[in-house]
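Asks: Pasting in a structure now, in structure tokens, and then I'll have a few things to ask.
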Amino acid sequence: MGTWDTGPFDNDTAADFADALDDAEPEEREALIRGVLTRTVDATGYLVEAEEAVAAAALIAAQCPDSDPVDTPYGPQTPMPTFPTDLWKLSDEALARIVGDESGLASNWVDPDDERRWRAMLNRLRAVLAPPPPTIPLFDFEP
């Protein structure tokens with residue numbers, strides 16, 4: 001079937017990744033997620049694991065403060081371990097690569113509205129994983 005919606009697990013590849021996480025032993029799940037994110041950040045050329053990296057980033061983002069849970073029938077059905085916070089930055093870096101790869105996943109969208117919704121989902125994940133620093137007001141200082 002391929003891709004049926006714009007969510008992080010709404011495609012065959014990401015749904016298969018969720019199944020792999022369900023089949024893995026609990027102590028192996030972090031390594032699976034870290035591996036797909038690292039390979040996406042380090043990849044040259046075509047981002048082979050981009051769909052899995054989006055799914056992995058969604059699972060990491062779900063554990064960040066002020067985030068939404070992964071609530072989809074296509075995501076993992078088993079509880080995920082608490083992931084270390086260093087995966088937040090790695091997830092954001094992977095998503096940055098995916099968003100910036102105009103010849104990759106972004107080029108697959110036929111409907112421009114679907115592409116906009118998909119990009120908005122990636123931007124929401126990135127905002128949770130690496131929120132912008134707070135704005136610090138500048139004060140006049142007289143010596």
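Letters A, B, ... mark the chains of the structure tokens in the order given; residue numbers begin at 1 per chain; ligand numbers begin at 1, in order shown.
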For the structure I just gave you, how does DSSP split chain A - specifically, which residues are alpha helix (DSSP H)? Reply as a ChimeraX atom specification.
Replies: /A:12-23,29-42,50-61,86-100,112-129
Asks: Identify, on the basis of only C-alpha atoms, every residue whose closest approach to Trp109 (chain A) does not exceed 10 Å; exclude the query and any residue fewer than 4 positions from it along the same chain; express the result as a list in words.
Replies: Thr3, Thr6, Leu105, Asp113, Asp114, Glu115, Arg116 and Trp118 of chain A
Asks: Pull C-alpha atoms from the residues just selected and write them as a PDB file, in the first residue's frame.
Replies:
```pdb
ATOM      1  CA  THR A   3       1.824   5.605   2.391  1.00  0.00           C
ATOM      2  CA  THR A   6       0.964  11.945   6.933  1.00  0.00           C
ATOM      3  CA  LEU A 105      10.642  11.830   1.135  1.00  0.00           C
ATOM      4  CA  ASP A 113      -1.759  19.598   1.094  1.00  0.00           C
ATOM      5  CA  ASP A 114      -0.410  16.228   2.250  1.00  0.00           C
ATOM      6  CA  GLU A 115       3.147  17.483   1.886  1.00  0.00           C
ATOM      7  CA  ARG A 116       2.297  20.572   3.969  1.00  0.00           C
ATOM      8  CA  TRP A 118       3.696  16.063   6.671  1.00  0.00           C
TER       9      TRP A 118
END
```
Asks: So, counting only C-alpha atoms, which residue among A:Leu59, A:Val99, A:Leu125, A:Ala20 is closest to Pro81 (chain A)?
Replies: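 Closest residue, counting only C-alpha atoms: A:Leu59.
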Asks: Counting only C-alpha atoms, which of A:Asp111, A:Thr44, A:Asp19, A:Arg126 gets nearest to Leu95 (chain A)?
Replies: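 Once distances to Leu95 (chain A) are computed over only C-alpha atoms, the minimum belongs to A:Arg126.
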Asks: Using only C-alpha atoms, which protein or nucleic acid residues come within 10 Å of Ala15 (chain A)? Drop anything in the same chain fewer than 5 positions from it, and give the result as a PyMOL selection string.
Replies: chain A and resi 8-10+20-21+51-52+55+73-76
Asks: Kindly save the residues from that selection, with all heavy atoms included, as a compact mmCIF listing (two decimals), in the first residue's frame.
Replies:
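Final output, again.txt:
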```txt
# COMPACT_ATOMS: atom_id res chain seq x y z
N PRO A 8 3.71 9.83 11.50
CA PRO A 8 5.04 9.21 11.51
C PRO A 8 5.03 7.70 11.27
O PRO A 8 6.04 7.15 10.84
CB PRO A 8 5.58 9.53 12.91
CG PRO A 8 4.39 9.87 13.72
CD PRO A 8 3.37 10.42 12.79
N PHE A 9 3.91 7.05 11.51
CA PHE A 9 3.83 5.60 11.27
C PHE A 9 2.86 5.26 10.15
O PHE A 9 2.48 4.10 9.99
CB PHE A 9 3.42 4.87 12.56
CG PHE A 9 4.52 4.81 13.57
CD1 PHE A 9 4.61 5.76 14.57
CD2 PHE A 9 5.49 3.82 13.52
CE1 PHE A 9 5.63 5.72 15.51
CE2 PHE A 9 6.51 3.77 14.45
CZ PHE A 9 6.59 4.72 15.45
N ASP A 10 2.47 6.23 9.36
CA ASP A 10 1.44 6.03 8.34
C ASP A 10 2.02 5.61 6.98
O ASP A 10 1.61 6.11 5.94
CB ASP A 10 0.58 7.28 8.19
CG ASP A 10 -0.26 7.54 9.42
OD1 ASP A 10 -0.41 6.63 10.25
OD2 ASP A 10 -0.77 8.67 9.55
N ALA A 20 9.21 -4.33 14.21
CA ALA A 20 10.56 -4.75 14.63
C ALA A 20 10.82 -4.34 16.07
O ALA A 20 11.43 -5.11 16.84
CB ALA A 20 11.61 -4.15 13.70
N LEU A 21 10.36 -3.16 16.46
CA LEU A 21 10.52 -2.72 17.86
C LEU A 21 9.71 -3.62 18.78
O LEU A 21 10.17 -3.97 19.87
CB LEU A 21 10.09 -1.27 18.02
CG LEU A 21 11.02 -0.23 17.41
CD1 LEU A 21 10.36 1.14 17.39
CD2 LEU A 21 12.34 -0.17 18.17
N GLU A 51 12.09 7.10 6.59
CA GLU A 51 10.76 6.82 7.16
C GLU A 51 10.88 6.23 8.56
O GLU A 51 10.11 6.59 9.47
CB GLU A 51 9.98 5.89 6.24
CG GLU A 51 9.60 6.57 4.94
CD GLU A 51 9.13 5.61 3.87
OE1 GLU A 51 9.71 4.52 3.73
OE2 GLU A 51 8.17 5.97 3.18
N GLU A 52 11.85 5.34 8.76
CA GLU A 52 12.07 4.79 10.10
C GLU A 52 12.58 5.86 11.06
O GLU A 52 12.20 5.88 12.23
CB GLU A 52 13.09 3.63 10.06
CG GLU A 52 12.62 2.42 9.31
CD GLU A 52 13.16 2.37 7.88
OE1 GLU A 52 13.32 3.44 7.25
OE2 GLU A 52 13.38 1.26 7.39
N ALA A 55 9.73 7.90 12.35
CA ALA A 55 9.01 7.13 13.36
C ALA A 55 9.79 7.10 14.68
O ALA A 55 9.21 7.29 15.76
CB ALA A 55 8.75 5.71 12.85
N PRO A 73 -2.63 3.09 15.53
CA PRO A 73 -2.63 1.62 15.51
C PRO A 73 -1.42 1.04 14.78
O PRO A 73 -1.16 -0.15 14.88
CB PRO A 73 -3.94 1.28 14.79
CG PRO A 73 -4.29 2.48 14.00
CD PRO A 73 -3.71 3.66 14.75
N TYR A 74 -0.67 1.87 14.06
CA TYR A 74 0.47 1.38 13.28
C TYR A 74 1.80 1.50 14.01
O TYR A 74 2.80 1.00 13.54
CB TYR A 74 0.54 2.13 11.94
CG TYR A 74 -0.77 2.14 11.23
CD1 TYR A 74 -1.52 3.30 11.11
CD2 TYR A 74 -1.31 0.96 10.71
CE1 TYR A 74 -2.75 3.30 10.47
CE2 TYR A 74 -2.54 0.95 10.07
CZ TYR A 74 -3.25 2.12 9.96
OH TYR A 74 -4.47 2.12 9.34
N GLY A 75 1.80 2.17 15.16
CA GLY A 75 3.03 2.31 15.94
C GLY A 75 3.26 1.10 16.82
O GLY A 75 2.46 0.15 16.82
N PRO A 76 4.33 1.10 17.58
CA PRO A 76 4.61 -0.04 18.47
C PRO A 76 3.48 -0.25 19.48
O PRO A 76 2.90 0.71 19.98
CB PRO A 76 5.90 0.37 19.20
CG PRO A 76 6.48 1.47 18.39
CD PRO A 76 5.35 2.13 17.68
```
Asks: Residues of region 20-93 of chain A that have any atom at most 9 Å from an atom of region 128-133 of chain A: could you tabulate them with the shortest-distance atom pair and the distance in Å to one decimal, using only C-alpha atoms, ordered by chain and increasing number, as a tab-separated table?
Replies:
```
residue	atom	partner	partner_atom	distance
A:Ala57	CA	A:Leu129	CA	8.4
A:Ile60	CA	A:Leu129	CA	7.9
A:Ala61	CA	A:Leu129	CA	5.7
A:Ala62	CA	A:Val128	CA	8.6
A:Cys64	CA	A:Val128	CA	6.7
A:Pro65	CA	A:Val128	CA	7.6
A:Asp66	CA	A:Val128	CA	7.2
A:Ser67	CA	A:Val128	CA	6.3
A:Leu87	CA	A:Leu129	CA	8.8
A:Trp88	CA	A:Leu129	CA	5.1
A:Lys89	CA	A:Ala130	CA	6.7
A:Ser91	CA	A:Leu129	CA	7.2
A:Asp92	CA	A:Leu129	CA	6.0
```
Asks: So how many Å separate CA of Glu49 (chain A) and CA of Gly104 (chain A), to one decimal?
Replies: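 Separating CA of Glu49 (chain A) from CA of Gly104 (chain A) is a distance of 10.5 Å.
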Asks: Which of these residues is nearest to Ala56 (chain A), using only C-alpha atoms: A:Glu30, A:Asp71, A:Asp42, A:Asp12?
Replies: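 The shortest atom-to-atom distance to Ala56 (chain A) comes from A:Glu30.
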Asks: Please determine, counting only C-alpha atoms, which residue among A:Val70, A:Val110, A:Leu90, A:Ala14 has the shortest atom-to-atom distance to Ala58 (chain A).
Replies: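 Checking each of A:Val70, A:Val110, A:Leu90, A:Ala14 against Ala58 (chain A), counting only C-alpha atoms, the winner is A:Val70.
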Asks: Take CA of Leu47 (chain A) and CA of Asp101 (chain A) and report the distance between them in Å, one decimal.
Replies: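 Computing the Euclidean distance for CA of Leu47 (chain A) and CA of Asp101 (chain A) yields 8.2 Å.
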Asks: Between CA of Ala96 (chain A) and CA of Asp23 (chain A), what is the distance, to one decimal in Å?
Replies: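 About the pair CA of Ala96 (chain A) and CA of Asp23 (chain A): they are 28.5 Å apart.
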Asks: So, with only C-alpha atoms as the atoms that count, which of A:Ala53, A:Ala24, A:Met80, A:Ala106 lies closest to Arg39 (chain A)?
Replies: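 Looking at the shortest contact to Arg39 (chain A), the residue is A:Ala53.
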